[in-house]
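As stored in structure-v5.cif (mmCIF, C-alpha atoms and all ligand atoms):
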data_query
loop_
_atom_site.group_PDB
_atom_site.id
_atom_site.type_symbol
_atom_site.label_atom_id
_atom_site.label_comp_id
_atom_site.auth_asym_id
_atom_site.auth_seq_id
_atom_site.Cartn_x
_atom_site.Cartn_y
_atom_site.Cartn_z
ATOM 1 C CA MET A 132 0.000 0.000 0.000
ATOM 2 C CA LYS A 133 1.519 3.279 -1.136
ATOM 3 C CA VAL A 134 -0.061 6.631 -0.298
ATOM 4 C CA LEU A 135 0.802 9.868 -2.091
ATOM 5 C CA ILE A 136 -0.090 13.083 -0.270
ATOM 6 C CA ILE A 137 -0.122 16.338 -2.256
ATOM 7 C CA GLU A 138 -0.633 18.976 0.423
ATOM 8 C CA ASP A 139 1.214 22.168 1.367
ATOM 9 C CA ASP A 140 0.091 22.270 4.998
ATOM 10 C CA GLN A 141 2.809 20.342 6.829
ATOM 11 C CA ALA A 142 0.610 19.849 9.900
ATOM 12 C CA ILE A 143 -1.959 17.987 7.778
ATOM 13 C CA VAL A 144 0.745 15.845 6.171
ATOM 14 C CA GLU A 145 2.002 14.916 9.633
ATOM 15 C CA ALA A 146 -1.496 14.138 10.912
ATOM 16 C CA ILE A 147 -2.166 11.829 7.954
ATOM 17 C CA SER A 148 1.230 10.228 8.334
ATOM 18 C CA LEU A 149 0.575 9.545 12.015
ATOM 19 C CA ALA A 150 -2.879 8.122 11.349
ATOM 20 C CA LEU A 151 -1.461 5.790 8.710
ATOM 21 C CA GLN A 152 1.435 4.653 10.903
ATOM 22 C CA LEU A 153 -1.005 3.673 13.625
ATOM 23 C CA SER A 154 -3.431 1.789 11.386
ATOM 24 C CA TRP A 155 -1.283 0.557 8.523
ATOM 25 C CA PRO A 156 2.335 0.461 9.667
ATOM 26 C CA GLU A 157 3.265 -1.251 6.383
ATOM 27 C CA ALA A 158 1.921 1.631 4.261
ATOM 28 C CA LYS A 159 4.553 3.645 2.409
ATOM 29 C CA LEU A 160 4.068 7.375 2.370
ATOM 30 C CA VAL A 161 5.244 9.802 -0.298
ATOM 31 C CA SER A 162 4.429 13.498 -0.062
ATOM 32 C CA THR A 163 4.969 16.779 -1.831
ATOM 33 C CA HIS A 164 3.666 20.306 -1.322
ATOM 34 C CA LEU A 165 3.619 21.029 -5.076
ATOM 35 C CA GLY A 166 0.995 20.063 -7.635
ATOM 36 C CA GLU A 167 3.397 19.675 -10.572
ATOM 37 C CA ARG A 168 5.659 17.437 -8.535
ATOM 38 C CA GLY A 169 2.570 15.496 -7.399
ATOM 39 C CA ILE A 170 1.641 14.704 -11.014
ATOM 40 C CA ASP A 171 5.192 13.416 -11.621
ATOM 41 C CA LEU A 172 5.009 11.300 -8.475
ATOM 42 C CA VAL A 173 1.733 9.662 -9.552
ATOM 43 C CA GLU A 174 3.579 8.552 -12.676
ATOM 44 C CA LYS A 175 6.853 7.533 -11.030
ATOM 45 C CA GLU A 176 5.624 6.046 -7.755
ATOM 46 C CA ASN A 177 2.383 4.452 -8.980
ATOM 47 C CA PRO A 178 0.606 4.976 -5.616
ATOM 48 C CA ASP A 179 -2.483 3.015 -4.510
ATOM 49 C CA VAL A 180 -4.228 6.195 -3.423
ATOM 50 C CA VAL A 181 -3.658 9.941 -3.761
ATOM 51 C CA ILE A 182 -4.708 12.441 -1.102
ATOM 52 C CA LEU A 183 -4.918 15.801 -2.846
ATOM 53 C CA ASP A 184 -5.339 19.250 -1.342
ATOM 54 C CA LEU A 185 -7.226 21.605 -3.654
ATOM 55 C CA GLY A 186 -5.314 24.730 -2.622
ATOM 56 C CA LEU A 187 -1.672 24.295 -3.579
ATOM 57 C CA PRO A 188 1.058 26.932 -3.991
ATOM 58 C CA ASP A 189 1.947 26.290 -7.648
ATOM 59 C CA ILE A 190 -1.051 24.962 -9.609
ATOM 60 C CA SER A 191 -4.574 24.286 -8.343
ATOM 61 C CA GLY A 192 -5.665 20.869 -7.152
ATOM 62 C CA PHE A 193 -8.198 20.841 -9.995
ATOM 63 C CA GLU A 194 -5.382 21.145 -12.511
ATOM 64 C CA VAL A 195 -3.630 18.235 -10.788
ATOM 65 C CA LEU A 196 -6.839 16.170 -10.994
ATOM 66 C CA LYS A 197 -7.306 16.969 -14.653
ATOM 67 C CA GLN A 198 -3.763 16.055 -15.587
ATOM 68 C CA VAL A 199 -3.615 12.894 -13.497
ATOM 69 C CA ARG A 200 -6.873 11.664 -15.014
ATOM 70 C CA LEU A 201 -5.308 11.853 -18.480
ATOM 71 C CA PHE A 202 -3.112 8.868 -17.634
ATOM 72 C CA SER A 203 -4.220 7.290 -14.351
ATOM 73 C CA THR A 204 -7.313 5.846 -12.666
ATOM 74 C CA VAL A 205 -5.660 5.871 -9.222
ATOM 75 C CA PRO A 206 -8.238 6.527 -6.450
ATOM 76 C CA ILE A 207 -8.069 10.220 -5.486
ATOM 77 C CA LEU A 208 -9.357 11.664 -2.240
ATOM 78 C CA ILE A 209 -9.560 15.459 -2.216
ATOM 79 C CA LEU A 210 -9.060 17.585 0.883
ATOM 80 C CA THR A 211 -11.052 20.748 1.164
ATOM 81 C CA VAL A 212 -12.384 23.217 3.702
ATOM 82 C CA ARG A 213 -15.922 23.280 4.942
ATOM 83 C CA SER A 214 -17.155 26.313 3.039
ATOM 84 C CA ASP A 215 -16.253 24.934 -0.355
ATOM 85 C CA GLU A 216 -19.174 22.796 -1.415
ATOM 86 C CA VAL A 217 -18.918 24.127 -4.967
ATOM 87 C CA ASP A 218 -15.296 22.960 -5.010
ATOM 88 C CA ILE A 219 -16.280 19.530 -3.724
ATOM 89 C CA VAL A 220 -18.816 19.011 -6.492
ATOM 90 C CA LYS A 221 -16.357 20.301 -9.069
ATOM 91 C CA GLY A 222 -13.652 17.985 -7.691
ATOM 92 C CA LEU A 223 -15.934 14.951 -7.972
ATOM 93 C CA GLU A 224 -16.893 15.988 -11.487
ATOM 94 C CA TRP A 225 -13.264 16.295 -12.455
ATOM 95 C CA GLY A 226 -12.525 12.760 -11.394
ATOM 96 C CA ALA A 227 -11.960 12.647 -7.633
ATOM 97 C CA ASP A 228 -13.378 9.520 -5.986
ATOM 98 C CA ASP A 229 -14.286 11.035 -2.644
ATOM 99 C CA TYR A 230 -13.432 13.954 -0.409
ATOM 100 C CA VAL A 231 -12.626 14.810 3.187
ATOM 101 C CA VAL A 232 -13.361 18.149 4.803
ATOM 102 C CA LYS A 233 -10.640 19.754 6.943
ATOM 103 C CA PRO A 234 -10.347 19.507 9.879
ATOM 104 C CA PHE A 235 -11.117 15.794 9.814
ATOM 105 C CA ARG A 236 -11.092 13.005 12.336
ATOM 106 C CA GLN A 237 -8.460 10.323 11.935
ATOM 107 C CA MET A 238 -11.041 7.557 11.755
ATOM 108 C CA GLU A 239 -13.004 9.420 9.112
ATOM 109 C CA LEU A 240 -9.965 9.835 6.876
ATOM 110 C CA LEU A 241 -8.952 6.195 7.295
ATOM 111 C CA SER A 242 -12.408 4.892 6.458
ATOM 112 C CA ARG A 243 -12.441 7.062 3.290
ATOM 113 C CA ILE A 244 -9.069 5.701 2.237
ATOM 114 C CA LYS A 245 -10.342 2.163 2.816
ATOM 115 C CA LEU A 246 -13.422 2.814 0.732
ATOM 116 C CA VAL A 247 -11.676 4.328 -2.278
ATOM 117 C CA THR A 248 -8.948 1.681 -2.314
ATOM 118 C CA ARG A 249 -11.334 -1.219 -1.853
ATOM 119 C CA ARG A 250 -10.730 -3.604 -4.672
ATOM 120 C CA ARG A 251 -13.746 -4.233 -6.769
ATOM 121 C CA VAL A 252 -13.545 -7.957 -6.346
ATOM 122 C CA PRO A 253 -16.179 -9.565 -8.538
ATOM 123 C CA LEU A 254 -18.698 -11.356 -6.367
ATOM 124 C CA VAL A 255 -19.868 -13.927 -8.881
ATOM 125 C CA GLU A 256 -22.445 -15.375 -6.555
ATOM 126 C CA GLU A 257 -24.086 -11.996 -6.107
ATOM 127 C CA ALA A 258 -26.971 -11.603 -8.556
ATOM 128 C CA PRO A 259 -27.521 -8.268 -10.322
ATOM 129 C CA LEU A 260 -29.853 -5.889 -8.544
ATOM 130 C CA VAL A 261 -32.824 -4.816 -10.634
ATOM 131 C CA CYS A 262 -35.240 -2.055 -9.803
ATOM 132 C CA GLY A 263 -37.429 -0.764 -12.629
ATOM 133 C CA LYS A 264 -35.092 0.463 -15.381
ATOM 134 C CA LEU A 265 -32.107 0.400 -13.049
ATOM 135 C CA ARG A 266 -29.781 -2.572 -13.076
ATOM 136 C CA PHE A 267 -26.620 -2.831 -10.994
ATOM 137 C CA ASP A 268 -24.218 -5.703 -11.432
ATOM 138 C CA PRO A 269 -22.111 -6.224 -8.278
ATOM 139 C CA GLY A 270 -19.830 -8.554 -10.275
ATOM 140 C CA THR A 271 -18.708 -5.856 -12.708
ATOM 141 C CA TRP A 272 -19.763 -2.779 -10.730
ATOM 142 C CA GLN A 273 -21.746 -1.527 -13.748
ATOM 143 C CA LEU A 274 -24.951 0.438 -13.469
ATOM 144 C CA PHE A 275 -27.434 0.586 -16.313
ATOM 145 C CA TYR A 276 -30.447 2.817 -16.610
ATOM 146 C CA GLY A 277 -32.386 1.253 -19.457
ATOM 147 C CA GLU A 278 -29.759 0.872 -22.178
ATOM 148 C CA LYS A 279 -27.536 3.605 -20.822
ATOM 149 C CA GLU A 280 -24.433 2.631 -18.880
ATOM 150 C CA ILE A 281 -23.603 5.013 -16.067
ATOM 151 C CA SER A 282 -20.076 5.145 -14.692
ATOM 152 C CA LEU A 283 -19.895 5.337 -10.929
ATOM 153 C CA THR A 284 -17.280 6.045 -8.301
ATOM 154 C CA PRO A 285 -16.918 3.365 -5.568
ATOM 155 C CA THR A 286 -18.848 5.665 -3.226
ATOM 156 C CA GLU A 287 -21.722 6.059 -5.688
ATOM 157 C CA GLY A 288 -21.785 2.321 -6.432
ATOM 158 C CA THR A 289 -22.047 1.514 -2.737
ATOM 159 C CA ILE A 290 -24.821 4.082 -2.265
ATOM 160 C CA ILE A 291 -26.908 2.912 -5.218
ATOM 161 C CA SER A 292 -26.591 -0.776 -4.344
ATOM 162 C CA HIS A 293 -27.617 -0.073 -0.747
ATOM 163 C CA LEU A 294 -30.631 1.945 -1.957
ATOM 164 C CA MET A 295 -31.581 -0.725 -4.499
ATOM 165 C CA LYS A 296 -31.435 -3.498 -1.907
ATOM 166 C CA ASN A 297 -33.891 -1.429 0.122
ATOM 167 C CA ALA A 298 -36.010 -0.082 -2.766
ATOM 168 C CA GLY A 299 -39.257 1.453 -1.627
ATOM 169 C CA ARG A 300 -38.014 1.800 1.944
ATOM 170 C CA VAL A 301 -36.358 4.762 3.600
ATOM 171 C CA VAL A 302 -32.639 4.245 4.145
ATOM 172 C CA THR A 303 -31.400 6.408 6.997
ATOM 173 C CA HIS A 304 -28.295 8.591 6.825
ATOM 174 C CA SER A 305 -26.609 6.470 9.463
ATOM 175 C CA SER A 306 -27.387 3.209 7.676
ATOM 176 C CA LEU A 307 -25.885 4.608 4.473
ATOM 177 C CA ALA A 308 -22.860 5.966 6.340
ATOM 178 C CA GLU A 309 -22.253 2.541 7.872
ATOM 179 C CA ALA A 310 -22.582 0.833 4.481
ATOM 180 C CA LEU A 311 -20.039 3.277 3.066
ATOM 181 C CA TRP A 312 -17.503 3.941 5.755
ATOM 182 C CA GLY A 313 -18.231 1.318 8.395
ATOM 183 C CA VAL A 314 -19.106 4.064 10.879
ATOM 184 C CA ASP A 315 -21.589 6.857 11.230
ATOM 185 C CA TYR A 316 -20.120 10.224 12.192
ATOM 186 C CA PRO A 317 -21.519 13.688 12.841
ATOM 187 C CA ASP A 318 -21.150 15.215 9.362
ATOM 188 C CA ALA A 319 -22.035 12.106 7.385
ATOM 189 C CA ALA A 320 -25.377 13.519 6.235
ATOM 190 C CA ASP A 321 -23.640 16.514 4.601
ATOM 191 C CA THR A 322 -21.208 14.262 2.784
ATOM 192 C CA LEU A 323 -23.998 11.961 1.646
ATOM 193 C CA ARG A 324 -25.941 14.908 0.272
ATOM 194 C CA VAL A 325 -23.082 15.807 -2.066
ATOM 195 C CA HIS A 326 -22.745 12.246 -3.373
ATOM 196 C CA ILE A 327 -26.513 11.888 -3.774
ATOM 197 C CA ARG A 328 -26.661 15.160 -5.692
ATOM 198 C CA ARG A 329 -23.988 13.896 -8.018
ATOM 199 C CA LEU A 330 -25.706 10.532 -8.468
ATOM 200 C CA ARG A 331 -28.868 12.412 -9.397
ATOM 201 C CA THR A 332 -27.077 14.400 -12.079
ATOM 202 C CA LYS A 333 -26.114 11.053 -13.609
ATOM 203 C CA LEU A 334 -29.542 9.419 -13.258
ATOM 204 C CA GLU A 335 -32.360 11.908 -13.096
ATOM 205 C CA VAL A 336 -33.971 13.745 -16.015
ATOM 206 C CA ASP A 337 -34.280 16.809 -13.785
ATOM 207 C CA PRO A 338 -31.882 16.449 -10.829
ATOM 208 C CA SER A 339 -33.561 19.275 -8.940
ATOM 209 C CA HIS A 340 -36.899 17.397 -9.064
ATOM 210 C CA PRO A 341 -35.739 13.837 -8.489
ATOM 211 C CA GLN A 342 -38.043 10.971 -9.389
ATOM 212 C CA ILE A 343 -35.660 8.086 -8.653
ATOM 213 C CA ILE A 344 -33.686 8.946 -5.525
ATOM 214 C CA LEU A 345 -36.057 10.728 -3.197
ATOM 215 C CA THR A 346 -35.104 12.725 -0.094
ATOM 216 C CA LYS A 347 -36.738 12.093 3.253
ATOM 217 C CA ALA A 348 -35.786 15.363 4.928
ATOM 218 C CA GLY A 349 -33.840 14.860 8.127
ATOM 219 C CA ILE A 350 -34.021 11.059 7.844
ATOM 220 C CA GLY A 351 -32.403 9.752 4.697
ATOM 221 C CA TYR A 352 -33.146 8.656 1.139
ATOM 222 C CA LEU A 353 -35.517 6.393 -0.674
ATOM 223 C CA LEU A 354 -35.227 4.725 -4.034
ATOM 224 C CA ALA A 355 -38.658 5.070 -5.632
ATOM 225 C CA GLN A 356 -40.356 1.749 -6.203
ATOM 226 C CA PRO A 357 -41.035 1.383 -9.940
ATOM 227 C CA ASP A 358 -44.622 1.063 -11.126
HETATM 228 CA CA CA A 401 -3.422 24.179 0.925
#

This structure in structure tokens:
Amino acid sequence: MKVLIIEDDQAIVEAISLALQLSWPEAKLVSTHLGERGIDLVEKENPDVVILDLGLPDISGFEVLKQVRLFSTVPILILTVRSDEVDIVKGLEWGADDYVVKPFRQMELLSRIKLVTRRRVPLVEEAPLVCGKLRFDPGTWQLFYGEKEISLTPTEGTIISHLMKNAGRVVTHSSLAEALWGVDYPDAADTLRVHIRRLRTKLEVDPSHPQIILTKAGIGYLLAQPD
């Protein structure tokens, strides 16, 4: 397991390094405070996961994302600050797999790293999930809506399969958080909202008036039962 951290705040680099040493002493850590150097390191070091700060001194984290995605599918976790929801959505659109808001708890960061690096091991015995026009194949991790194939991040795949398994029933924020990260934590609902919004832009005709993934305010989400 090799982790590349592209972050100019040394205190954050040290916090991540400490968290990794405690949980995965065998993990190798490579870090840089520069975006350009980070892109080179993705190529040279071939890391298993990249933790990328969006605000870097030379080029923006978005530029790093864009360039890395030209040659690599490495899981990328972006680091951002609370006020930047627009940045989070943009980061996910530009190819990040998930994000963590600073300041973060150690356990939260570790569970995100685990999720994005989880190998998509085909589970041959697991039958495809079907719900109306939606079909999700846990063996290949493909989602179809009618004939259209929709590409998903690991986070989105986990969310949609959990909702499909419970179609027609309300899935609470904490149940979704546990399915995703193994733990529920205080800001999970905010994080889920961003991923759900993004899933809707991929699935819904009008994402602002969703017909497939419905919100139960203050409780969770519900995948509409097809007619
Ligand atoms: Ca920064």

Residues within 7 Å of Leu185 of chain A, only C-alpha atoms, excluding chain neighbours under 4 positions, as a PDB file with C-alpha atoms, keeping the file's coordinate frame:
ATOM      1  CA  SER A 191      -4.574  24.286  -8.343  1.00  0.00           C
ATOM      2  CA  GLY A 192      -5.665  20.869  -7.152  1.00  0.00           C
ATOM      3  CA  PHE A 193      -8.198  20.841  -9.995  1.00  0.00           C
ATOM      4  CA  ILE A 209      -9.560  15.459  -2.216  1.00  0.00           C
ATOM      5  CA  LEU A 210      -9.060  17.585   0.883  1.00  0.00           C
ATOM      6  CA  THR A 211     -11.052  20.748   1.164  1.00  0.00           C
TER       7      THR A 211
END

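Once segment 222-226 of chain A and its same-chain neighbours fewer than 2 positions away are set aside, Phe193, Leu196, Lys197, Arg200, Asp218, Ile219, Val220, Asp228 and Asp229 of chain A remain within 7 Å of it when counting only C-alpha atoms.
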
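Considering the residues A:Val314, A:Leu353, A:Leu274, A:Cys262 and counting all atoms listed in the file, Leu294 of chain A has its shortest atom-to-atom contact with A:Leu353.
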
Just want the 12 Å neighbourhood of Tyr316 of chain A, counted on all atoms listed in the file, with same-chain residues fewer than 2 positions away dropped. Output as an MDAnalysis selection string.
chainID A and resid 235:240 242 304:309 311:314 318:323

Could you list, as a PDB file with C-alpha atoms, in the frame of the given file, all residues that come within 8 Å of ligand CA 401 (chain A)? Count all atoms listed in the file.
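Generated output (out03.pdb):
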ATOM      1  CA  GLU A 138      -0.633  18.976   0.423  1.00  0.00           C
ATOM      2  CA  ASP A 139       1.214  22.168   1.367  1.00  0.00           C
ATOM      3  CA  ASP A 140       0.091  22.270   4.998  1.00  0.00           C
ATOM      4  CA  ASP A 184      -5.339  19.250  -1.342  1.00  0.00           C
ATOM      5  CA  LEU A 185      -7.226  21.605  -3.654  1.00  0.00           C
ATOM      6  CA  GLY A 186      -5.314  24.730  -2.622  1.00  0.00           C
ATOM      7  CA  LEU A 187      -1.672  24.295  -3.579  1.00  0.00           C
ATOM      8  CA  PRO A 188       1.058  26.932  -3.991  1.00  0.00           C
TER       9      PRO A 188
END

Go through the shown structure with the PyMOL selection byres (((chain A and resi 175-180) around 8) and not hetatm) and write out the matching residues as a PyMOL selection string.
chain A and resi 132-135+171-174+181-182+205-208+244+247-248

My list of candidates is A:Leu354, A:Leu246, A:Ala158, A:Ala310. Which is closest to Ile327 of chain A when distances are computed with all atoms listed in the file?
A:Leu354

Quick one: which residues end up in the PyMOL selection byres (((chain A and resi 346) around 12) and not hetatm) for this structure, as number ranges by chain?
A: 294, 300-304, 320, 323-324, 327-328, 331, 338-345, 347-355

Export, as a CSV table (one decimal), in the coordinates of the input, the selected residues with C-alpha atoms.
chain,number,residue,atom,x,y,z
A,294,LEU,CA,-30.6,1.9,-2.0
A,300,ARG,CA,-38.0,1.8,1.9
A,301,VAL,CA,-36.4,4.8,3.6
A,302,VAL,CA,-32.6,4.2,4.1
A,303,THR,CA,-31.4,6.4,7.0
A,304,HIS,CA,-28.3,8.6,6.8
A,320,ALA,CA,-25.4,13.5,6.2
A,323,LEU,CA,-24.0,12.0,1.6
A,324,ARG,CA,-25.9,14.9,0.3
A,327,ILE,CA,-26.5,11.9,-3.8
A,328,ARG,CA,-26.7,15.2,-5.7
A,331,ARG,CA,-28.9,12.4,-9.4
A,338,PRO,CA,-31.9,16.4,-10.8
A,339,SER,CA,-33.6,19.3,-8.9
A,340,HIS,CA,-36.9,17.4,-9.1
A,341,PRO,CA,-35.7,13.8,-8.5
A,342,GLN,CA,-38.0,11.0,-9.4
A,343,ILE,CA,-35.7,8.1,-8.7
A,344,ILE,CA,-33.7,8.9,-5.5
A,345,LEU,CA,-36.1,10.7,-3.2
A,347,LYS,CA,-36.7,12.1,3.3
A,348,ALA,CA,-35.8,15.4,4.9
A,349,GLY,CA,-33.8,14.9,8.1
A,350,ILE,CA,-34.0,11.1,7.8
A,351,GLY,CA,-32.4,9.8,4.7
A,352,TYR,CA,-33.1,8.7,1.1
A,353,LEU,CA,-35.5,6.4,-0.7
A,354,LEU,CA,-35.2,4.7,-4.0
A,355,ALA,CA,-38.7,5.1,-5.6

Would you fill the gaps in segment 246-280 of chain A so it has N, CA and C atoms, then print it as a short mmCIF file (atom, residue, chain, number, x, y, z; two decimals), keeping the file's coordinate frame?
data_model
loop_
_atom_site.label_atom_id
_atom_site.label_comp_id
_atom_site.auth_asym_id
_atom_site.auth_seq_id
_atom_site.Cartn_x
_atom_site.Cartn_y
_atom_site.Cartn_z
N LEU A 246 -12.35 2.92 1.73
CA LEU A 246 -13.42 2.81 0.73
C LEU A 246 -12.89 3.01 -0.69
N VAL A 247 -12.11 4.06 -0.89
CA VAL A 247 -11.68 4.33 -2.28
C VAL A 247 -10.65 3.32 -2.78
N THR A 248 -9.95 2.65 -1.86
CA THR A 248 -8.95 1.68 -2.31
C THR A 248 -9.50 0.26 -2.32
N ARG A 249 -10.75 0.12 -1.89
CA ARG A 249 -11.33 -1.22 -1.85
C ARG A 249 -11.33 -1.82 -3.26
N ARG A 250 -10.76 -2.96 -3.36
CA ARG A 250 -10.73 -3.60 -4.67
C ARG A 250 -12.12 -4.05 -5.05
N ARG A 251 -12.42 -3.83 -6.31
CA ARG A 251 -13.75 -4.23 -6.77
C ARG A 251 -13.71 -5.71 -7.14
N VAL A 252 -13.62 -6.51 -6.12
CA VAL A 252 -13.54 -7.96 -6.35
C VAL A 252 -14.90 -8.44 -6.86
N PRO A 253 -14.90 -9.09 -8.03
CA PRO A 253 -16.18 -9.56 -8.54
C PRO A 253 -16.78 -10.60 -7.59
N LEU A 254 -18.00 -10.40 -7.23
CA LEU A 254 -18.70 -11.36 -6.37
C LEU A 254 -19.64 -12.15 -7.26
N VAL A 255 -19.11 -13.21 -7.85
CA VAL A 255 -19.87 -13.93 -8.88
C VAL A 255 -21.20 -14.46 -8.37
N GLU A 256 -21.20 -14.79 -7.08
CA GLU A 256 -22.44 -15.38 -6.56
C GLU A 256 -23.53 -14.32 -6.31
N GLU A 257 -23.11 -13.04 -6.38
CA GLU A 257 -24.09 -12.00 -6.11
C GLU A 257 -24.85 -11.64 -7.38
N ALA A 258 -26.15 -11.84 -7.37
CA ALA A 258 -26.97 -11.60 -8.56
C ALA A 258 -27.12 -10.10 -8.79
N PRO A 259 -27.30 -9.69 -10.06
CA PRO A 259 -27.52 -8.27 -10.32
C PRO A 259 -28.77 -7.77 -9.59
N LEU A 260 -28.69 -6.50 -9.18
CA LEU A 260 -29.85 -5.89 -8.54
C LEU A 260 -30.67 -5.22 -9.64
N VAL A 261 -31.97 -5.43 -9.63
CA VAL A 261 -32.82 -4.82 -10.63
C VAL A 261 -33.95 -4.08 -9.93
N CYS A 262 -34.17 -2.84 -10.39
CA CYS A 262 -35.24 -2.06 -9.80
C CYS A 262 -35.77 -1.15 -10.91
N GLY A 263 -36.91 -1.51 -11.49
CA GLY A 263 -37.43 -0.76 -12.63
C GLY A 263 -36.42 -0.79 -13.76
N LYS A 264 -36.04 0.38 -14.27
CA LYS A 264 -35.09 0.46 -15.38
C LYS A 264 -33.65 0.42 -14.91
N LEU A 265 -33.46 0.41 -13.60
CA LEU A 265 -32.11 0.40 -13.05
C LEU A 265 -31.62 -1.03 -12.87
N ARG A 266 -30.38 -1.26 -13.30
CA ARG A 266 -29.78 -2.57 -13.08
C ARG A 266 -28.33 -2.38 -12.65
N PHE A 267 -27.98 -2.96 -11.51
CA PHE A 267 -26.62 -2.83 -10.99
C PHE A 267 -26.04 -4.22 -10.87
N ASP A 268 -24.87 -4.40 -11.48
CA ASP A 268 -24.22 -5.70 -11.43
C ASP A 268 -23.04 -5.65 -10.45
N PRO A 269 -23.18 -6.28 -9.28
CA PRO A 269 -22.11 -6.22 -8.28
C PRO A 269 -20.85 -6.95 -8.74
N GLY A 270 -20.99 -7.83 -9.77
CA GLY A 270 -19.83 -8.55 -10.28
C GLY A 270 -18.92 -7.65 -11.09
N THR A 271 -19.50 -6.73 -11.84
CA THR A 271 -18.71 -5.86 -12.71
C THR A 271 -18.74 -4.40 -12.26
N TRP A 272 -19.63 -4.14 -11.26
CA TRP A 272 -19.76 -2.78 -10.73
C TRP A 272 -20.35 -1.83 -11.78
N GLN A 273 -21.14 -2.37 -12.71
CA GLN A 273 -21.75 -1.53 -13.75
C GLN A 273 -23.19 -1.21 -13.38
N LEU A 274 -23.56 0.04 -13.66
CA LEU A 274 -24.95 0.44 -13.47
C LEU A 274 -25.54 0.79 -14.82
N PHE A 275 -26.72 0.24 -15.08
CA PHE A 275 -27.43 0.59 -16.31
C PHE A 275 -28.76 1.23 -15.95
N TYR A 276 -29.11 2.24 -16.73
CA TYR A 276 -30.45 2.82 -16.61
C TYR A 276 -31.07 2.64 -17.99
N GLY A 277 -31.94 1.66 -18.13
CA GLY A 277 -32.39 1.25 -19.46
C GLY A 277 -31.18 0.72 -20.20
N GLU A 278 -30.90 1.32 -21.37
CA GLU A 278 -29.76 0.87 -22.18
C GLU A 278 -28.49 1.64 -21.85
N LYS A 279 -28.66 2.70 -21.06
CA LYS A 279 -27.54 3.60 -20.82
C LYS A 279 -26.65 3.11 -19.68
N GLU A 280 -25.35 2.99 -19.94
CA GLU A 280 -24.43 2.63 -18.88
C GLU A 280 -23.95 3.89 -18.18
#
